Every structure is written in C-alpha cells, then in structure tokens.
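Peer 1: Just so it is clear, I am handing over upload.pdb, which has PDB, C-alpha atoms and all ligand atoms.
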ATOM      1  CA  MET G   1      18.380  -8.280   2.079
ATOM      2  CA  LYS G   2      16.011 -11.028   3.169
ATOM      3  CA  PRO G   3      16.545 -14.541   1.782
ATOM      4  CA  ARG G   4      14.628 -15.275  -1.400
ATOM      5  CA  SER G   5      12.310 -17.812   0.155
ATOM      6  CA  VAL G   6       8.732 -17.403   1.273
ATOM      7  CA  ARG G   7       7.292 -19.376   4.191
ATOM      8  CA  PRO G   8       3.625 -20.323   4.741
ATOM      9  CA  ILE G   9       1.793 -18.139   7.260
ATOM     10  CA  HIS G  10       1.400 -20.954   9.783
ATOM     11  CA  GLN G  11       5.119 -20.409  10.433
ATOM     12  CA  ILE G  12       4.526 -16.866  11.722
ATOM     13  CA  PRO G  13       5.617 -17.181  15.388
ATOM     14  CA  PRO G  14       2.648 -17.204  17.821
ATOM     15  CA  GLU G  15       4.271 -14.426  19.892
ATOM     16  CA  VAL G  16       4.184 -12.153  16.834
ATOM     17  CA  CYS G  17       0.421 -12.716  16.595
ATOM     18  CA  ARG G  18      -0.077 -12.220  20.346
ATOM     19  CA  ASN G  19       1.967  -9.010  20.541
ATOM     20  CA  LEU G  20       0.877  -7.437  17.261
ATOM     21  CA  ALA G  21       0.154  -3.698  17.714
ATOM     22  CA  VAL G  22      -0.089  -2.337  14.159
ATOM     23  CA  PHE G  23      -1.322  -4.179  11.078
ATOM     24  CA  PHE G  24      -0.210  -2.346   7.911
ATOM     25  CA  MET G  25      -2.052  -3.424   4.760
ATOM     26  CA  ASP G  26      -2.120  -2.755   1.051
ATOM     27  CA  ILE G  27      -5.629  -2.414  -0.430
ATOM     28  CA  ASP G  28      -5.792  -3.347  -4.146
ATOM     29  CA  ASP G  29      -5.747  -7.105  -4.782
ATOM     30  CA  THR G  30      -4.633  -7.661  -1.182
ATOM     31  CA  PHE G  31      -7.819  -6.574   0.581
ATOM     32  CA  THR G  32      -9.985  -6.339  -2.545
ATOM     33  CA  THR G  33     -10.857  -9.295  -4.763
ATOM     34  CA  ASP G  34     -11.346  -8.656  -8.485
ATOM     35  CA  GLY G  35     -11.939  -4.979  -7.766
ATOM     36  CA  ARG G  36     -14.407  -5.278  -4.870
ATOM     37  CA  ILE G  37     -14.317  -5.679  -1.084
ATOM     38  CA  THR G  38     -15.958  -8.908   0.016
ATOM     39  CA  ALA G  39     -18.147  -9.013   3.130
ATOM     40  CA  ALA G  40     -15.671 -11.424   4.758
ATOM     41  CA  ALA G  41     -12.692  -9.138   4.109
ATOM     42  CA  PHE G  42     -14.443  -6.111   5.549
ATOM     43  CA  GLN G  43     -15.525  -8.123   8.556
ATOM     44  CA  SER G  44     -11.877  -9.100   9.076
ATOM     45  CA  LEU G  45     -11.046  -5.401   9.478
ATOM     46  CA  TRP G  46     -13.598  -5.155  12.292
ATOM     47  CA  LYS G  47     -12.173  -8.313  13.880
ATOM     48  CA  LEU G  48      -8.736  -6.646  14.018
ATOM     49  CA  TYR G  49     -10.289  -3.474  15.438
ATOM     50  CA  ASP G  50     -12.206  -5.440  18.079
ATOM     51  CA  ALA G  51      -8.962  -7.241  19.012
ATOM     52  CA  GLY G  52      -7.323  -3.872  19.722
ATOM     53  CA  ILE G  53      -4.939  -4.037  16.760
ATOM     54  CA  GLY G  54      -4.381  -0.733  14.937
ATOM     55  CA  VAL G  55      -5.022  -1.108  11.205
ATOM     56  CA  VAL G  56      -3.217   1.236   8.791
ATOM     57  CA  PRO G  57      -3.836   0.840   5.031
ATOM     58  CA  VAL G  58      -0.745   1.811   2.972
ATOM     59  CA  THR G  59      -1.896   2.343  -0.577
ATOM     60  CA  GLY G  60      -1.287   4.001  -3.920
ATOM     61  CA  ARG G  61      -4.914   5.171  -3.919
ATOM     62  CA  PRO G  62      -5.731   8.901  -3.979
ATOM     63  CA  ALA G  63      -6.158  11.489  -1.243
ATOM     64  CA  GLY G  64      -9.909  11.740  -1.858
ATOM     65  CA  TRP G  65     -10.398   8.033  -1.208
ATOM     66  CA  CYS G  66      -8.065   8.043   1.809
ATOM     67  CA  ASP G  67     -10.029  10.878   3.385
ATOM     68  CA  MET G  68     -13.161   8.705   3.270
ATOM     69  CA  ILE G  69     -11.328   5.585   4.484
ATOM     70  CA  ALA G  70      -9.815   7.414   7.480
ATOM     71  CA  ARG G  71     -13.261   8.694   8.438
ATOM     72  CA  PHE G  72     -15.447   5.619   7.867
ATOM     73  CA  TRP G  73     -13.409   2.414   8.058
ATOM     74  CA  PRO G  74     -12.286   0.884  11.391
ATOM     75  CA  VAL G  75      -8.697   2.026  10.886
ATOM     76  CA  GLU G  76      -6.143   3.966  12.906
ATOM     77  CA  ALA G  77      -4.797   5.942   9.912
ATOM     78  CA  VAL G  78      -4.249   5.716   6.129
ATOM     79  CA  ILE G  79      -0.989   6.295   4.242
ATOM     80  CA  GLY G  80      -1.900   7.191   0.633
ATOM     81  CA  GLU G  81      -0.490   7.901  -2.824
ATOM     82  CA  ASN G  82       2.522   5.641  -2.142
ATOM     83  CA  GLY G  83       3.594   7.530   0.965
ATOM     84  CA  ALA G  84       2.782  11.139   0.046
ATOM     85  CA  PHE G  85       0.669  11.677   3.187
ATOM     86  CA  CYS G  86      -1.001  10.150   6.238
ATOM     87  CA  PHE G  87      -4.622  10.892   7.185
ATOM     88  CA  SER G  88      -6.220   9.920  10.499
ATOM     89  CA  TYR G  89      -9.529  10.855  12.074
ATOM     90  CA  ASP G  90      -9.807  11.882  15.722
ATOM     91  CA  TYR G  91     -13.295  10.760  16.775
ATOM     92  CA  GLN G  92     -13.113  12.586  20.128
ATOM     93  CA  LYS G  93     -12.269  15.926  18.555
ATOM     94  CA  LYS G  94     -14.183  15.188  15.331
ATOM     95  CA  THR G  95     -11.147  16.312  13.361
ATOM     96  CA  MET G  96      -9.344  14.928  10.310
ATOM     97  CA  ILE G  97      -5.566  15.104  10.741
ATOM     98  CA  ARG G  98      -3.775  15.416   7.403
ATOM     99  CA  GLN G  99      -0.008  15.126   7.453
ATOM    100  CA  PHE G 100       1.853  15.603   4.145
ATOM    101  CA  TYR G 101       5.348  14.200   3.651
ATOM    102  CA  GLN G 102       6.267  16.436   0.692
ATOM    103  CA  SER G 103       7.161  20.142   0.759
ATOM    104  CA  ASP G 104       4.905  22.614  -1.089
ATOM    105  CA  SER G 105       7.739  23.546  -3.451
ATOM    106  CA  ASP G 106       8.364  19.893  -4.308
ATOM    107  CA  ARG G 107       4.649  19.402  -4.944
ATOM    108  CA  ILE G 108       4.503  22.359  -7.366
ATOM    109  CA  HIS G 109       7.686  21.298  -9.189
ATOM    110  CA  GLY G 110       6.406  17.720  -9.332
ATOM    111  CA  ALA G 111       3.034  18.807 -10.759
ATOM    112  CA  ASN G 112       4.778  20.348 -13.791
ATOM    113  CA  LEU G 113       6.785  17.191 -14.433
ATOM    114  CA  LEU G 114       3.694  15.016 -14.066
ATOM    115  CA  LYS G 115       1.886  17.110 -16.710
ATOM    116  CA  GLN G 116       4.769  16.436 -19.117
ATOM    117  CA  LEU G 117       4.641  12.745 -18.251
ATOM    118  CA  GLU G 118       0.909  12.591 -18.929
ATOM    119  CA  ARG G 119       1.349  14.061 -22.421
ATOM    120  CA  ARG G 120       4.252  11.765 -23.334
ATOM    121  CA  VAL G 121       2.710   8.552 -22.020
ATOM    122  CA  LEU G 122      -0.618   9.096 -23.777
ATOM    123  CA  ARG G 123       1.280   9.864 -27.000
ATOM    124  CA  ASP G 124       3.832   7.016 -26.842
ATOM    125  CA  VAL G 125       2.112   4.079 -25.074
ATOM    126  CA  PRO G 126      -1.007   2.972 -26.973
ATOM    127  CA  GLY G 127      -3.802   1.479 -24.844
ATOM    128  CA  CYS G 128      -2.927   3.061 -21.499
ATOM    129  CA  ALA G 129      -5.068   5.739 -19.835
ATOM    130  CA  ILE G 130      -4.919   8.178 -16.967
ATOM    131  CA  SER G 131      -6.545   6.383 -14.034
ATOM    132  CA  ALA G 132     -10.201   7.037 -13.305
ATOM    133  CA  ASP G 133      -9.326   8.168  -9.766
ATOM    134  CA  GLN G 134      -6.759  10.784 -10.918
ATOM    135  CA  SER G 135      -9.082  13.729 -10.100
ATOM    136  CA  PHE G 136      -8.845  12.855  -6.420
ATOM    137  CA  ARG G 137      -5.019  12.775  -6.288
ATOM    138  CA  ILE G 138      -2.721  15.409  -4.807
ATOM    139  CA  ALA G 139       0.849  14.202  -5.328
ATOM    140  CA  ASP G 140       1.038  11.549  -8.031
ATOM    141  CA  LEU G 141      -0.062  10.553 -11.508
ATOM    142  CA  ALA G 142      -1.555   7.077 -11.846
ATOM    143  CA  ILE G 143      -1.469   5.448 -15.275
ATOM    144  CA  ASP G 144      -3.968   2.685 -15.796
ATOM    145  CA  PHE G 145      -2.716  -0.450 -17.559
ATOM    146  CA  CYS G 146      -5.200  -2.971 -16.224
ATOM    147  CA  GLU G 147      -8.082  -1.519 -14.179
ATOM    148  CA  ASP G 148     -10.439   0.147 -16.683
ATOM    149  CA  VAL G 149      -8.478  -0.641 -19.855
ATOM    150  CA  PRO G 150      -7.696  -4.061 -21.399
ATOM    151  CA  ALA G 151      -4.503  -5.388 -19.746
ATOM    152  CA  LEU G 152      -1.348  -4.125 -21.443
ATOM    153  CA  PRO G 153       1.774  -6.257 -22.002
ATOM    154  CA  ASP G 154       4.802  -5.948 -19.685
ATOM    155  CA  GLU G 155       6.649  -4.095 -22.441
ATOM    156  CA  SER G 156       4.136  -1.221 -22.256
ATOM    157  CA  ILE G 157       4.485  -1.073 -18.463
ATOM    158  CA  ARG G 158       8.280  -0.895 -18.809
ATOM    159  CA  LYS G 159       7.919   1.899 -21.366
ATOM    160  CA  ILE G 160       5.723   3.954 -19.007
ATOM    161  CA  CYS G 161       8.338   3.529 -16.237
ATOM    162  CA  SER G 162      11.147   4.491 -18.604
ATOM    163  CA  ILE G 163       9.412   7.730 -19.669
ATOM    164  CA  ALA G 164       8.795   8.589 -15.988
ATOM    165  CA  ARG G 165      12.419   7.964 -14.974
ATOM    166  CA  ASN G 166      13.685  10.075 -17.874
ATOM    167  CA  LEU G 167      11.720  12.976 -16.354
ATOM    168  CA  ASP G 168      13.391  12.370 -12.963
ATOM    169  CA  LEU G 169      10.180  10.944 -11.511
ATOM    170  CA  ASN G 170       9.797   7.917  -9.246
ATOM    171  CA  CYS G 171       7.435   5.167 -10.277
ATOM    172  CA  LYS G 172       6.035   1.968  -8.821
ATOM    173  CA  VAL G 173       3.998  -0.711 -10.547
ATOM    174  CA  SER G 174       0.914  -1.945  -8.692
ATOM    175  CA  SER G 175      -1.370  -4.686  -9.985
ATOM    176  CA  ILE G 176      -3.427  -2.100 -11.925
ATOM    177  CA  HIS G 177      -1.546   1.224 -12.205
ATOM    178  CA  VAL G 178       1.902   2.694 -12.647
ATOM    179  CA  ASN G 179       2.086   5.374  -9.941
ATOM    180  CA  CYS G 180       4.527   8.206 -10.680
ATOM    181  CA  TRP G 181       5.626  11.024  -8.378
ATOM    182  CA  TYR G 182       8.330  13.563  -7.745
ATOM    183  CA  GLY G 183      10.439  13.406  -4.588
ATOM    184  CA  SER G 184      12.096  10.820  -2.414
ATOM    185  CA  HIS G 185       9.117   9.690  -0.317
ATOM    186  CA  ASP G 186       7.917   6.107  -0.521
ATOM    187  CA  LYS G 187       5.669   3.812   1.507
ATOM    188  CA  ASN G 188       8.502   2.702   3.771
ATOM    189  CA  GLU G 189       9.707   6.178   4.692
ATOM    190  CA  SER G 190       6.146   7.288   5.444
ATOM    191  CA  LEU G 191       5.443   4.181   7.524
ATOM    192  CA  GLU G 192       8.539   4.934   9.630
ATOM    193  CA  LYS G 193       7.444   8.548  10.096
ATOM    194  CA  TYR G 194       3.991   7.374  11.104
ATOM    195  CA  LEU G 195       5.369   4.959  13.712
ATOM    196  CA  PHE G 196       7.646   7.634  15.108
ATOM    197  CA  SER G 197       4.867  10.223  15.374
ATOM    198  CA  LYS G 198       2.498   7.704  16.984
ATOM    199  CA  TYR G 199       4.830   5.797  19.331
ATOM    200  CA  SER G 200       7.947   8.050  19.512
ATOM    201  CA  LEU G 201       9.921   4.944  18.641
ATOM    202  CA  PRO G 202      12.244   4.177  15.733
ATOM    203  CA  MET G 203      11.122   1.370  13.463
ATOM    204  CA  ALA G 204      13.751  -1.038  14.841
ATOM    205  CA  SER G 205      12.287  -0.815  18.367
ATOM    206  CA  ILE G 206       8.728  -1.622  17.348
ATOM    207  CA  GLN G 207       9.584  -4.043  14.517
ATOM    208  CA  PRO G 208       8.459  -7.210  16.400
ATOM    209  CA  GLN G 209       4.999  -5.677  16.939
ATOM    210  CA  ILE G 210       4.185  -4.701  13.374
ATOM    211  CA  LEU G 211       3.169  -6.645  10.276
ATOM    212  CA  PHE G 212       2.538  -5.722   6.645
ATOM    213  CA  ILE G 213       0.492  -7.554   3.993
ATOM    214  CA  GLY G 214       0.664  -6.745   0.266
ATOM    215  CA  ASP G 215       0.502  -8.288  -3.188
ATOM    216  CA  SER G 216       2.714  -6.624  -5.802
ATOM    217  CA  PRO G 217       6.016  -4.907  -6.722
ATOM    218  CA  ASN G 218       4.898  -1.519  -5.371
ATOM    219  CA  ASP G 219       4.877  -3.175  -1.928
ATOM    220  CA  GLU G 220       8.572  -4.098  -2.171
ATOM    221  CA  PRO G 221       9.863  -1.277   0.075
ATOM    222  CA  LEU G 222       7.711  -2.691   2.863
ATOM    223  CA  PHE G 223       8.566  -6.338   2.154
ATOM    224  CA  ALA G 224      12.181  -5.229   2.578
ATOM    225  CA  ALA G 225      11.653  -3.083   5.672
ATOM    226  CA  VAL G 226       9.109  -5.029   7.749
ATOM    227  CA  ASP G 227      10.357  -8.308   9.267
ATOM    228  CA  ASN G 228       6.838  -9.745   9.511
ATOM    229  CA  SER G 229       5.894  -9.143   5.889
ATOM    230  CA  VAL G 230       3.202 -11.241   4.223
ATOM    231  CA  ALA G 231       1.888 -11.495   0.666
ATOM    232  CA  VAL G 232      -1.368 -12.923  -0.593
ATOM    233  CA  SER G 233      -0.744 -15.768  -3.028
ATOM    234  CA  ASN G 234      -1.503 -13.748  -6.181
ATOM    235  CA  ILE G 235       1.960 -12.212  -5.795
ATOM    236  CA  HIS G 236       3.262 -15.309  -7.609
ATOM    237  CA  ARG G 237       3.157 -13.693 -11.059
ATOM    238  CA  PHE G 238       5.439 -10.847  -9.925
ATOM    239  CA  LEU G 239       8.042 -12.698  -7.817
ATOM    240  CA  ASP G 240      10.529 -13.209 -10.645
ATOM    241  CA  THR G 241      10.686  -9.454 -11.242
ATOM    242  CA  MET G 242      11.108  -8.531  -7.570
ATOM    243  CA  THR G 243      14.277  -7.990  -5.532
ATOM    244  CA  HIS G 244      12.674  -8.037  -2.069
ATOM    245  CA  TRP G 245      10.339 -10.908  -1.303
ATOM    246  CA  PRO G 246       7.846 -11.120   1.570
ATOM    247  CA  ALA G 247       8.740 -13.359   4.506
ATOM    248  CA  TYR G 248       5.421 -15.246   4.419
ATOM    249  CA  MET G 249       2.653 -16.023   1.939
ATOM    250  CA  THR G 250      -0.988 -17.040   2.320
ATOM    251  CA  GLN G 251      -2.435 -20.048   0.501
ATOM    252  CA  LYS G 252      -5.402 -18.088  -0.809
ATOM    253  CA  ARG G 253      -5.476 -15.092  -3.112
ATOM    254  CA  SER G 254      -6.579 -11.477  -2.589
ATOM    255  CA  GLY G 255      -9.337 -10.920   0.003
ATOM    256  CA  ASP G 256      -9.539 -14.609   0.891
ATOM    257  CA  GLY G 257      -5.807 -14.570   1.655
ATOM    258  CA  PHE G 258      -6.318 -11.437   3.737
ATOM    259  CA  CYS G 259      -9.011 -13.230   5.801
ATOM    260  CA  GLU G 260      -6.735 -16.281   6.103
ATOM    261  CA  LEU G 261      -4.004 -14.133   7.687
ATOM    262  CA  VAL G 262      -6.381 -12.298  10.042
ATOM    263  CA  ASN G 263      -7.858 -15.587  11.246
ATOM    264  CA  ARG G 264      -4.349 -16.957  11.812
ATOM    265  CA  ILE G 265      -3.374 -13.938  13.914
ATOM    266  CA  LEU G 266      -6.563 -13.909  15.965
ATOM    267  CA  LYS G 267      -6.373 -17.649  16.650
ATOM    268  CA  HIS G 268      -3.286 -16.968  18.770
ATOM    269  CA  ARG G 269      -4.927 -14.108  20.690
ATOM    270  CA  SER G 270      -8.091 -15.870  21.821
TER     271      SER G 270
HETATM  272 MG    MG G 301      -1.916  -4.075  -4.327
END
Can I see the file as structure tokens?
Ligand SMILES: [Mg+2]

Peer 2:
Amino acid sequence: MKPRSVRPIHQIPPEVCRNLAVFFMDIDDTFTTDGRITAAAFQSLWKLYDAGIGVVPVTGRPAGWCDMIARFWPVEAVIGENGAFCFSYDYQKKTMIRQFYQSDSDRIHGANLLKQLERRVLRDVPGCAISADQSFRIADLAIDFCEDVPALPDESIRKICSIARNLDLNCKVSSIHVNCWYGSHDKNESLEKYLFSKYSLPMASIQPQILFIGDSPNDEPLFAAVDNSVAVSNIHRFLDTMTHWPAYMTQKRSGDGFCELVNRILKHRS
C-alpha cells in the first residue's frame, strides 16, 4: 500500500512528464466542473493529443456516452461503466472497436440482480433515484444521490452500498452516483487488460510511462495500482474514508486542477 501522504504535483519527476505515453483520466468532477466541461479543460485534451500522449478516460459513465466519446473526443480509447468494457475508434478503418470484459452469462445473471437492487433501493432509501443516464448502460446500475436529486447524507449512501453487497453485487461511490455491478471487473483490471492489448506489456513494465488522474473513492483501485496517480483537490472531502490515496494532488479543483496537471506535464516536454 502507498504511504498515506499526498505530494503537490510540482514534485512529479520531470522524466515522468517527458516519457509519459498514456494519460488515464476520470471524467466526473475531475475533467468536468460543476457538471460541465470548460473550454480550458477540453482544450487541455487537445494539448495532450497534439503532444502525442494517448488519452484514455476511465469512467463510471454509460456505454452510450462512451461510444460518442470514443468517436468524437481526441482520445485513444474509453474504459466505461467502471471497467465493464473498452471502446476505441479506428479512424483509418472507420470502425468502432468494442471490447467487453464480462461474459454474456455473467451479464444476464447480473441484470436480474440489478433489477432486484433497483426495487429495494427505491423502496428503502428515500430521496435517491435511478440515474438519468441509466438507459444508456449495459452492465451496471447507477443510483443517483447527488446529480439530479438533492444531495443525500452519507448514511443513505452507505445503505445503498449495503443493499447492493447483500445481493452479491459490487459497488463504488463516485461524487454523484453509486455504481453497482455483478462480476469481478473493476477499473484497474480493465486498465491492465487495455495496456496489455495495446502494448503487449504487463502493467509493471509500462508503469513509469502511465499516469492516472481522478477525484473520488471509485478511483481508489487506480490510485492503488498506478504509481503516478494524481487527484484534483476536491478529493479532500473523501480522503478520510479512503484506504488508497493518490500520490499527488493539484492545488485547484475539478477542471481547473485537470488543466493545472496538463500544463505541468507539457512544460517538461517543450
Ligand atoms: Mg469522478
């Protein structure tokens, strides 16, 4: 386990910035600010692309959104629904490549459990709602506690997680949703599979050339697994509840923190 201390991003070694090959990023409240993408944050994505760094969002957001992101944003691939799949778009062949990390039988079994979860959560946790983007999901159920509903107390979030675990489902808390799914996949496992399929290298071999930036407890598997892990400063409110902390933290929050990190990296490559 990494030490429970977080360093400022100016301590990221210059050689890490110079040799960076893949920039993994969370989206909500890391790249977005108060629910929107700022012009500066989106421009930072293009700066990474122009610098030859492969950008891969790793998000709890649904398949339908990831399909659009893979096609339209300047990214190399997208890992969605907390590691359920990876989508990438081949511009030469004009083909979307959709790789799923869950077997069909697991997906069908999981769908039945998620239906039960939906009924129980809506009955037993007042104020929560099924997320507005649920229609576009394939593998998970996202329960909204803060995006389109008034923010619920931590006790309600814990109750949602408890109901999910009692049904043998996994769950992760983002800054807005509790994402629940069946099966062992998570963001970390899917990131490793992506690196292996792209570079034919195990994670340990390419570790010095990758970085991840996130903002909340559902990013913990990647804070634990990626040596060069960074959080935007709004992670502060979650740190006490987290086992695995990021190695570095920006001074600014959300999209401004994202831009701060990108500028820091690119400063060492110019
Ligand atoms: Mg987030």

Peer 1: Counting only C-alpha atoms and all ligand atoms, what residues are within 6 Å of ligand MG 301 (chain G), given as a ChimeraX atom specification?

Peer 2: /G:26-30,174-175,214-216

Peer 1: Might you spell out which residues the PyMOL selection byres (((chain G and resi 18) around 9) and not hetatm) would select in the displayed file, as a ChimeraX atom specification?

Peer 2: /G:14-17,19-21,209,265-266,268-270

Peer 1: Can you work out which one of G:Ser105, G:Ser135, G:Ser254, G:Thr241 has the shortest atom-to-atom distance to Gly35 in chain G, counting all atoms listed in the file?

Peer 2: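 Closest residue, counting all atoms listed in the file: G:Ser254.
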
Peer 1: Of the residues G:Pro8, G:Gly183, G:Pro221, G:Pro74, which is the one nearest to Thr243 in chain G, using all atoms listed in the file?

Peer 2: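 Under the stated criterion, the closest residue is G:Pro221.
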
Peer 1: For Asp104 in chain G, which residue out of G:Leu201, G:Leu211, G:Ala139, G:Gln11 is the nearest one, using only C-alpha atoms?

Peer 2: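 Answer, going by the shortest atom-to-atom distance: G:Ala139.
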
Peer 1: Would you fill out range 239-257 of chain G with N, CA and C atoms and return it as a JSON list (two decimals), keeping the file's coordinate frame?

Peer 2:
[["chain", "number", "residue", "atom", "x", "y", "z"],
["G", 239, "LEU", "N", 6.86, -12.40, -8.63],
["G", 239, "LEU", "CA", 8.04, -12.70, -7.82],
["G", 239, "LEU", "C", 9.35, -12.65, -8.62],
["G", 240, "ASP", "N", 9.30, -13.16, -9.85],
["G", 240, "ASP", "CA", 10.53, -13.21, -10.64],
["G", 240, "ASP", "C", 11.09, -11.83, -10.94],
["G", 241, "THR", "N", 10.23, -10.81, -10.90],
["G", 241, "THR", "CA", 10.69, -9.45, -11.24],
["G", 241, "THR", "C", 11.07, -8.66, -9.99],
["G", 242, "MET", "N", 10.93, -9.28, -8.82],
["G", 242, "MET", "CA", 11.11, -8.53, -7.57],
["G", 242, "MET", "C", 12.43, -8.84, -6.89],
["G", 243, "THR", "N", 13.03, -7.82, -6.28],
["G", 243, "THR", "CA", 14.28, -7.99, -5.53],
["G", 243, "THR", "C", 13.98, -8.41, -4.09],
["G", 244, "HIS", "N", 13.00, -7.77, -3.48],
["G", 244, "HIS", "CA", 12.67, -8.04, -2.07],
["G", 244, "HIS", "C", 11.39, -8.85, -1.97],
["G", 245, "TRP", "N", 11.51, -10.04, -1.43],
["G", 245, "TRP", "CA", 10.34, -10.91, -1.30],
["G", 245, "TRP", "C", 9.74, -10.79, 0.10],
["G", 246, "PRO", "N", 8.44, -11.09, 0.23],
["G", 246, "PRO", "CA", 7.85, -11.12, 1.57],
["G", 246, "PRO", "C", 8.37, -12.32, 2.35],
["G", 247, "ALA", "N", 8.28, -12.24, 3.68],
["G", 247, "ALA", "CA", 8.74, -13.36, 4.51],
["G", 247, "ALA", "C", 7.75, -14.52, 4.46],
["G", 248, "TYR", "N", 6.46, -14.21, 4.35],
["G", 248, "TYR", "CA", 5.42, -15.25, 4.42],
["G", 248, "TYR", "C", 4.42, -15.05, 3.28],
["G", 249, "MET", "N", 3.68, -16.13, 2.98],
["G", 249, "MET", "CA", 2.65, -16.02, 1.94],
["G", 249, "MET", "C", 1.42, -16.84, 2.34],
["G", 250, "THR", "N", 0.25, -16.30, 2.05],
["G", 250, "THR", "CA", -0.99, -17.04, 2.32],
["G", 250, "THR", "C", -1.18, -18.12, 1.25],
["G", 251, "GLN", "N", -2.09, -19.04, 1.53],
["G", 251, "GLN", "CA", -2.44, -20.05, 0.50],
["G", 251, "GLN", "C", -3.44, -19.48, -0.48],
["G", 252, "LYS", "N", -4.31, -18.60, 0.03],
["G", 252, "LYS", "CA", -5.40, -18.09, -0.81],
["G", 252, "LYS", "C", -5.03, -16.73, -1.40],
["G", 253, "ARG", "N", -5.78, -16.34, -2.41],
["G", 253, "ARG", "CA", -5.48, -15.09, -3.11],
["G", 253, "ARG", "C", -6.34, -13.93, -2.59],
["G", 254, "SER", "N", -5.83, -12.73, -2.83],
["G", 254, "SER", "CA", -6.58, -11.48, -2.59],
["G", 254, "SER", "C", -7.33, -11.50, -1.24],
["G", 255, "GLY", "N", -8.59, -11.07, -1.25],
["G", 255, "GLY", "CA", -9.34, -10.92, 0.00],
["G", 255, "GLY", "C", -9.44, -12.20, 0.81],
["G", 256, "ASP", "N", -9.49, -13.34, 0.14],
["G", 256, "ASP", "CA", -9.54, -14.61, 0.89],
["G", 256, "ASP", "C", -8.22, -14.85, 1.63],
["G", 257, "GLY", "N", -7.11, -14.46, 0.99],
["G", 257, "GLY", "CA", -5.81, -14.57, 1.66],
["G", 257, "GLY", "C", -5.71, -13.61, 2.83]]
